[in-house]
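Right, one structure below, let's go through it.
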Protein chains: 2
Amino acid sequence: MELHFILKVSFRASSDVTPASDMIGKYLEEANRTILVKGAAEGQGAQVVKWNVNDNKIELLIESGRYVRAHDALMRLRKPLAAKLGKEFRIGLRGIEVESFIITMPAEKPLKALKIPYVNSIEYENGTIKLYLDVGESEIENRVPDRILTLMEDKIQQQSYGGKAEHWQLLWQSEKREHKFSEDPTQAMLKAGWLKRGASRGQWIHGPQSTQMFRTFERIVLEELLEPLGYREMIFPKLIPWEVWQKSGHAKAVYPEIYYVCPPKTRDPEYWEEVSDYYKVTHEIPTALIKEKIGEPIGGMCYAQCPPFWIFLQGETIPTDEFPIKVFDRSGTSHRYESGGIHGMERVDEFHRIEIVWLGTKEQVLDCASELHEKYMYIFNDILELEWRKAWVTPWFMAQEGMTGVSAQSGAGTTDYEAFLPYRGEKGEWLEFQNVSVNGTKYPAGFNVKCQSGEELWSGCSGVGLERWSSAFFAQKGLDPANWPEGFTKRVGKLLKGIRFL
Amino acid sequence: MELHFILKVSFRASSDVTPASDMIGKYLEEANRTILVKGAAEGQGAQVVKWNVNDNKIELLIESGRYVRAHDALMRLRKPLAAKLGKEFRIGLRGIEVESFIITMPAEKPLKALKIPYVNSIEYENGTIKLYLDVGESEIENRVPDRILTLMEDKIQQQSYGGKAEHWQLLWQSEKREHKFSEDPTQAMLKAGWLKRGASRGQWIHGPQSTQMFRTFERIVLEELLEPLGYREMIFPKLIPWEVWQKSGHAKAVYPEIYYVCPPKTRDPEYWEEVSDYYKVTHEIPTALIKEKIGEPIGGMCYAQCPPFWIFLQGETIPTDEFPIKVFDRSGTSHRYESGGIHGMERVDEFHRIEIVWLGTKEQVLDCASELHEKYMYIFNDILELEWRKAWVTPWFMAQEGMTGVSAQSGAGTTDYEAFLPYRGEKGEWLEFQNVSVNGTKYPAGFNVKCQSGEELWSGCSGVGLERWSSAFFAQKGLDPANWPEGFTKRVGKLLKGIRFL
């Protein structure tokens, strides 16, 4: 069974259309041979299979396959018909009334119960799903039926191949190294007083020693990579409103992992007095009352770091010789609601990352990615002396929209950098500590950024997660500076003392 | 009319107390002369003015003034009476039943309608307020009546003196300087392409030029102040759960200005599928539905920067020779829901600050504050060449708890640094761009941090707001490097180019 559309619909006219009946019949018959099959393969177009005039209504039954979908057919019919009715009969077309719209599509098995906007019900029988749509004129004009169709096809595909399509392909692997350390580095740092758990979930407070290590990693990235490659520092915002995630695509699937942000409904202290008074008397926070007194979420805390940068470029046309544009941000924290349980620094809800972003033509963007790969190779092999590997994986920007597989744009995609963790053993999972992504046209298109020359713009990004670098490095090298590689030791300088406790 | 308490209450005993009636009468009579007036001035203690035994109940009417409050009197009576009843009559005291508890307090005028926990009603007549409390045994044990009293006295005082008590006292003022610039610096930076508005309220995206200035200010603070004074960098968390604000005192009054953070109720993708599907079909975010699907607020985004640091020290006893402990954090953003309207960079919802914290004995903490004042003086006079002044103001930590006036601990308090803004004119408001606060015992006490020697611990903090420094400096010096002081120019180095647009 192929995709099939059945649309029962009327055009509403300004007066009785009976006098135009013949003209309408001829027009529809011709349309069935021309505009309703144009661009579609044999037998794949739309057809008006029944029609009738009834006072001021032209009732149609349109059926179609995937190409020239029934609702598109309706749109193709409208304008020429309106012109004929106006010219020949001085009758206007006033609107569209949908009586029923049923889409039938193949599926191996029924889907679980779903609430989809504009879908009245979903039925399953004999390898097909029937969608009963509840759409009107404006939904048809806004292509809502197409979005519903795409959504359903994704769900059917996910149900059949779900989870299987996560892509992973080894690109490069370093030599094996001998490791003198085999403990969980977070536990070792805790014992050594380098850090402590923060008061919130998956959160750490870094003492002077741990912070010194983060700043050393940062300096390596600045001096060995960002400065030589001509990256300029910027400050990206850290509270992300929906608008940004709508344009970046995150609004499609990021919900389970967001820390949502809600503003107070008002700044009026009297409005909040009840909450303050409750706290002062009971010494407990009235969280349910506060939830009533705050507004709906305006977005969330920074999740992926680069999307808010694009607001800087949004809607702009940029001189061709500005490209490639290379910037980075290290001005604040990222936050993800991670899965429960106790984890170390390698899986945190609050983390610190240098986010590197570049854009230009496809060629420039691919070149920038190569430059970065080269510098990272030097840093991980010659300065940090890590045991690590690179793999081509489901792109960052697809994974975060809930997609699997690889990108459709050739050359676009994500390279993950993974490190061996001795404490997990030879067969243990390696740690993703870094990535380089070429995101194709996704961001420039989403934020409407143009190049003066008219050439297509691509972009890329690379996230340096300081918690991840720390987890990888100290898992392999341990906390004793005697076992650290020379290139790192000399950049750390004099080791800071921590705060001692009794 | 003085403060007055009338408490009608019973002790519930394990059996009929009639046989103990004589003993009880004598005990209460004696108590009226001893434990109920102990520590109170003549006529200021509590008195049992009526009593009665009724089966297994000892009914009391206790009246009092401010000292030995009626509910304290009840607590003083309980233990010895229980001992006597047990020893002489083998009767146990099982609990307390409050019939009514009325507090009368003077007030110039009635208060507005209030919802206070454990208060049934509030009446006003002839210069007095009557509170009808609804408390039981555990509230009395937890001193709820005292908290209600404090709260009401604060409200009455605020109503009488509200707003008047904001403290401001000039400490020092620089020489007047000639300013070659008189524009609003944010507007000038916008025009020059140094920054752009972010997508959220009161939020900016800083381009390479503006970021370079922030980093220059940061370097000045690092090289001229933090390093010479021996401050160690740490990383403080940026999502602040209630626990932190309960201990820091912010939970008393910070509600109108917080960006609240709510986690998803679950990370299960199926739970969020409805939201994703809604977005994919309509391209609109279902914010009301999301609000239903997120949990109650767990806290907020970073507001004041130092409170979460204290979790690192919480409950610890620290060796005496560790003090003074000097640390700082510059790892992320702070967020405040500011009053509406369009503002420049001087009043933002999202900002960047170096937070400096120190703790030790009172003497050490005051010395550290002096050192900082000296370094700031050098930076503002000799490097940035600003026109500025210092004032002694209502302490930071009191203002943020909704209090006015000055601290009760002598030596504790906040010094604000204010800069003249030429574009606002000679009579315009100066900009607070910096503060130094000595917070007394507040934080060590709130987070239970102890010194090995047993000496009382104090702490201080100082916030370097980079947006504020920028606003002050560029308001006086403008954007043309020719007009910048030598000390600043040489530290900026080569000026970065911004991103050009057509």
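Each chain in the structure tokens gets a letter, A, B and so on, in the order shown; residues start at 1 in every chain, and ligands are counted from 1 in the order they appear.
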
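Those residues that approach range 306-309 of chain B to within 7 Å, counting only C-alpha atoms, are Phe236, Pro237, Ile240, Val244, Ser248 and Glu355 of chain B; same-chain residues fewer than 4 positions away are not listed.
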
For this session: Give me every strand (DSSP E) residue in range 151-319 of chain B, going by DSSP on the backbone, as a list of chain:residue names.
Result: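 The residues of range 151-319 of chain B classed as strand (DSSP E) are B:Trp168, B:Gln169, B:Leu170, B:Leu171, B:Trp172, B:Gln173, B:Leu195, B:Lys196, B:Arg197, B:Trp204, B:Ile205, B:His206, B:Arg232, B:Glu233, B:Leu239, B:Ile240, B:Pro241, B:Tyr260, B:Val261, B:Cys262, B:Gly299, B:Gly300, B:Met301, B:Thr317, B:Ile318.
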
Go ahead and dump the residues you just picked, C-alpha atoms, as a PDB file, in the first residue's frame.
ATOM      1  CA  TRP B 168      24.503  56.693  51.469  1.00  0.00           C
ATOM      2  CA  GLN B 169      27.557  58.480  52.823  1.00  0.00           C
ATOM      3  CA  LEU B 170      30.402  59.834  50.711  1.00  0.00           C
ATOM      4  CA  LEU B 171      33.798  58.385  51.678  1.00  0.00           C
ATOM      5  CA  TRP B 172      36.118  59.678  48.981  1.00  0.00           C
ATOM      6  CA  GLN B 173      35.877  61.511  45.693  1.00  0.00           C
ATOM      7  CA  LEU B 195      27.958  44.564  20.187  1.00  0.00           C
ATOM      8  CA  LYS B 196      24.350  43.686  19.369  1.00  0.00           C
ATOM      9  CA  ARG B 197      21.253  42.925  21.394  1.00  0.00           C
ATOM     10  CA  TRP B 204      23.886  41.510  24.674  1.00  0.00           C
ATOM     11  CA  ILE B 205      26.118  39.623  22.291  1.00  0.00           C
ATOM     12  CA  HIS B 206      29.617  41.044  22.454  1.00  0.00           C
ATOM     13  CA  ARG B 232      43.436  31.807  43.912  1.00  0.00           C
ATOM     14  CA  GLU B 233      40.958  31.134  41.154  1.00  0.00           C
ATOM     15  CA  LEU B 239      22.721  27.040  38.852  1.00  0.00           C
ATOM     16  CA  ILE B 240      21.723  27.919  42.398  1.00  0.00           C
ATOM     17  CA  PRO B 241      19.407  25.562  44.275  1.00  0.00           C
ATOM     18  CA  TYR B 260      13.794  30.607  37.998  1.00  0.00           C
ATOM     19  CA  VAL B 261      15.064  27.215  36.857  1.00  0.00           C
ATOM     20  CA  CYS B 262      12.771  24.200  36.497  1.00  0.00           C
ATOM     21  CA  GLY B 299      16.231  27.458  42.388  1.00  0.00           C
ATOM     22  CA  GLY B 300      17.442  29.999  39.894  1.00  0.00           C
ATOM     23  CA  MET B 301      20.229  31.187  37.668  1.00  0.00           C
ATOM     24  CA  THR B 317      36.556  23.282  60.421  1.00  0.00           C
ATOM     25  CA  ILE B 318      39.571  24.924  58.833  1.00  0.00           C
TER      26      ILE B 318
END

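Residue neighbourhood of Glu42 in chain A, excluding near-sequence residues (fewer than 5 positions): Arg33, Leu36, Val37, Gly65, Tyr67 and Val68 of chain A, at 12 Å, using only C-alpha atoms.
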
Problem set entry | Distance query Ala107 in chain B at most 8 Å, only C-alpha atoms, self and fewer than 3 positions along chain excluded, as a list in words |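 In the requested format, the answer is Pro110, Gly127, Thr128, Ile129 and Ile156 of chain B.
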
Once you have the residues from the selection above, write them out as an mmCIF file, in the first residue's frame, restricted to N, CA, C and O atoms.
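That gives us out.cif:
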data_model
loop_
_atom_site.group_PDB
_atom_site.id
_atom_site.type_symbol
_atom_site.label_atom_id
_atom_site.label_comp_id
_atom_site.auth_asym_id
_atom_site.auth_seq_id
_atom_site.Cartn_x
_atom_site.Cartn_y
_atom_site.Cartn_z
ATOM 1 N N PRO B 110 -3.231 50.617 60.010
ATOM 2 C CA PRO B 110 -3.416 49.214 59.657
ATOM 3 C C PRO B 110 -2.484 48.817 58.517
ATOM 4 O O PRO B 110 -2.073 49.655 57.702
ATOM 5 N N GLY B 127 -4.610 52.079 67.044
ATOM 6 C CA GLY B 127 -3.156 52.040 67.201
ATOM 7 C C GLY B 127 -2.591 50.697 67.588
ATOM 8 O O GLY B 127 -1.424 50.599 67.959
ATOM 9 N N THR B 128 -3.402 49.654 67.540
ATOM 10 C CA THR B 128 -2.806 48.331 67.793
ATOM 11 C C THR B 128 -3.257 47.325 66.745
ATOM 12 O O THR B 128 -4.362 47.391 66.223
ATOM 13 N N ILE B 129 -2.342 46.394 66.505
ATOM 14 C CA ILE B 129 -2.643 45.278 65.613
ATOM 15 C C ILE B 129 -2.785 44.038 66.471
ATOM 16 O O ILE B 129 -1.986 43.814 67.387
ATOM 17 N N ILE B 156 5.666 46.697 59.989
ATOM 18 C CA ILE B 156 5.178 47.930 60.604
ATOM 19 C C ILE B 156 6.226 49.035 60.477
ATOM 20 O O ILE B 156 5.920 50.167 60.126
#

For this session: Tell me which protein, DNA and RNA residues are within 12 Å of Ser470 in chain A, counting only C-alpha atoms, leaving out same-chain ones fewer than 3 positions away, and put them as a PyMOL selection string.
Result: chain A and resi 184-186+189+194+206+209-218+344-347+351-353+384+386+419+421+431-434+464-467+473-479

Exercise. Can you tell me, as JSON, numbers by chain, what residues are no more than 12 Å from Lys109 in chain A when counting only C-alpha atoms, ignoring any on the same chain fewer than 3 positions away?
Worked result: {"A": [105, 106, 112, 123, 124, 125, 126, 127, 128, 129, 155, 156, 157, 158, 159, 160]}

Problem set entry | Test item: residues at most 12 Å from Gly25 in chain A, only C-alpha atoms, excluding those fewer than 6 positions along its chain, as an NGL selection string | :A and (17-19 or 31-32 or 48-53 or 58-60 or 81)

Exercise. Quick one: of B:Gly463, B:Gly428, B:Pro208, B:Pro444, who's nearest to chain A, counting only C-alpha atoms?
Worked result: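 Checking each of B:Gly463, B:Gly428, B:Pro208, B:Pro444 against chain A, counting only C-alpha atoms, the winner is B:Pro208.
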
For this session: Record the distance separating CA of Glu99 in chain B and CA of Ala41 in chain B, expressed in Å with one decimal.
Result: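 Calculated distance between CA of Glu99 in chain B and CA of Ala41 in chain B is 28.3 Å.
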
For this session: Could you jot down the CA of Glu371 in chain A to CA of Gly411 in chain A separation for me, Å, one decimal place?
Result: 15.1 Å
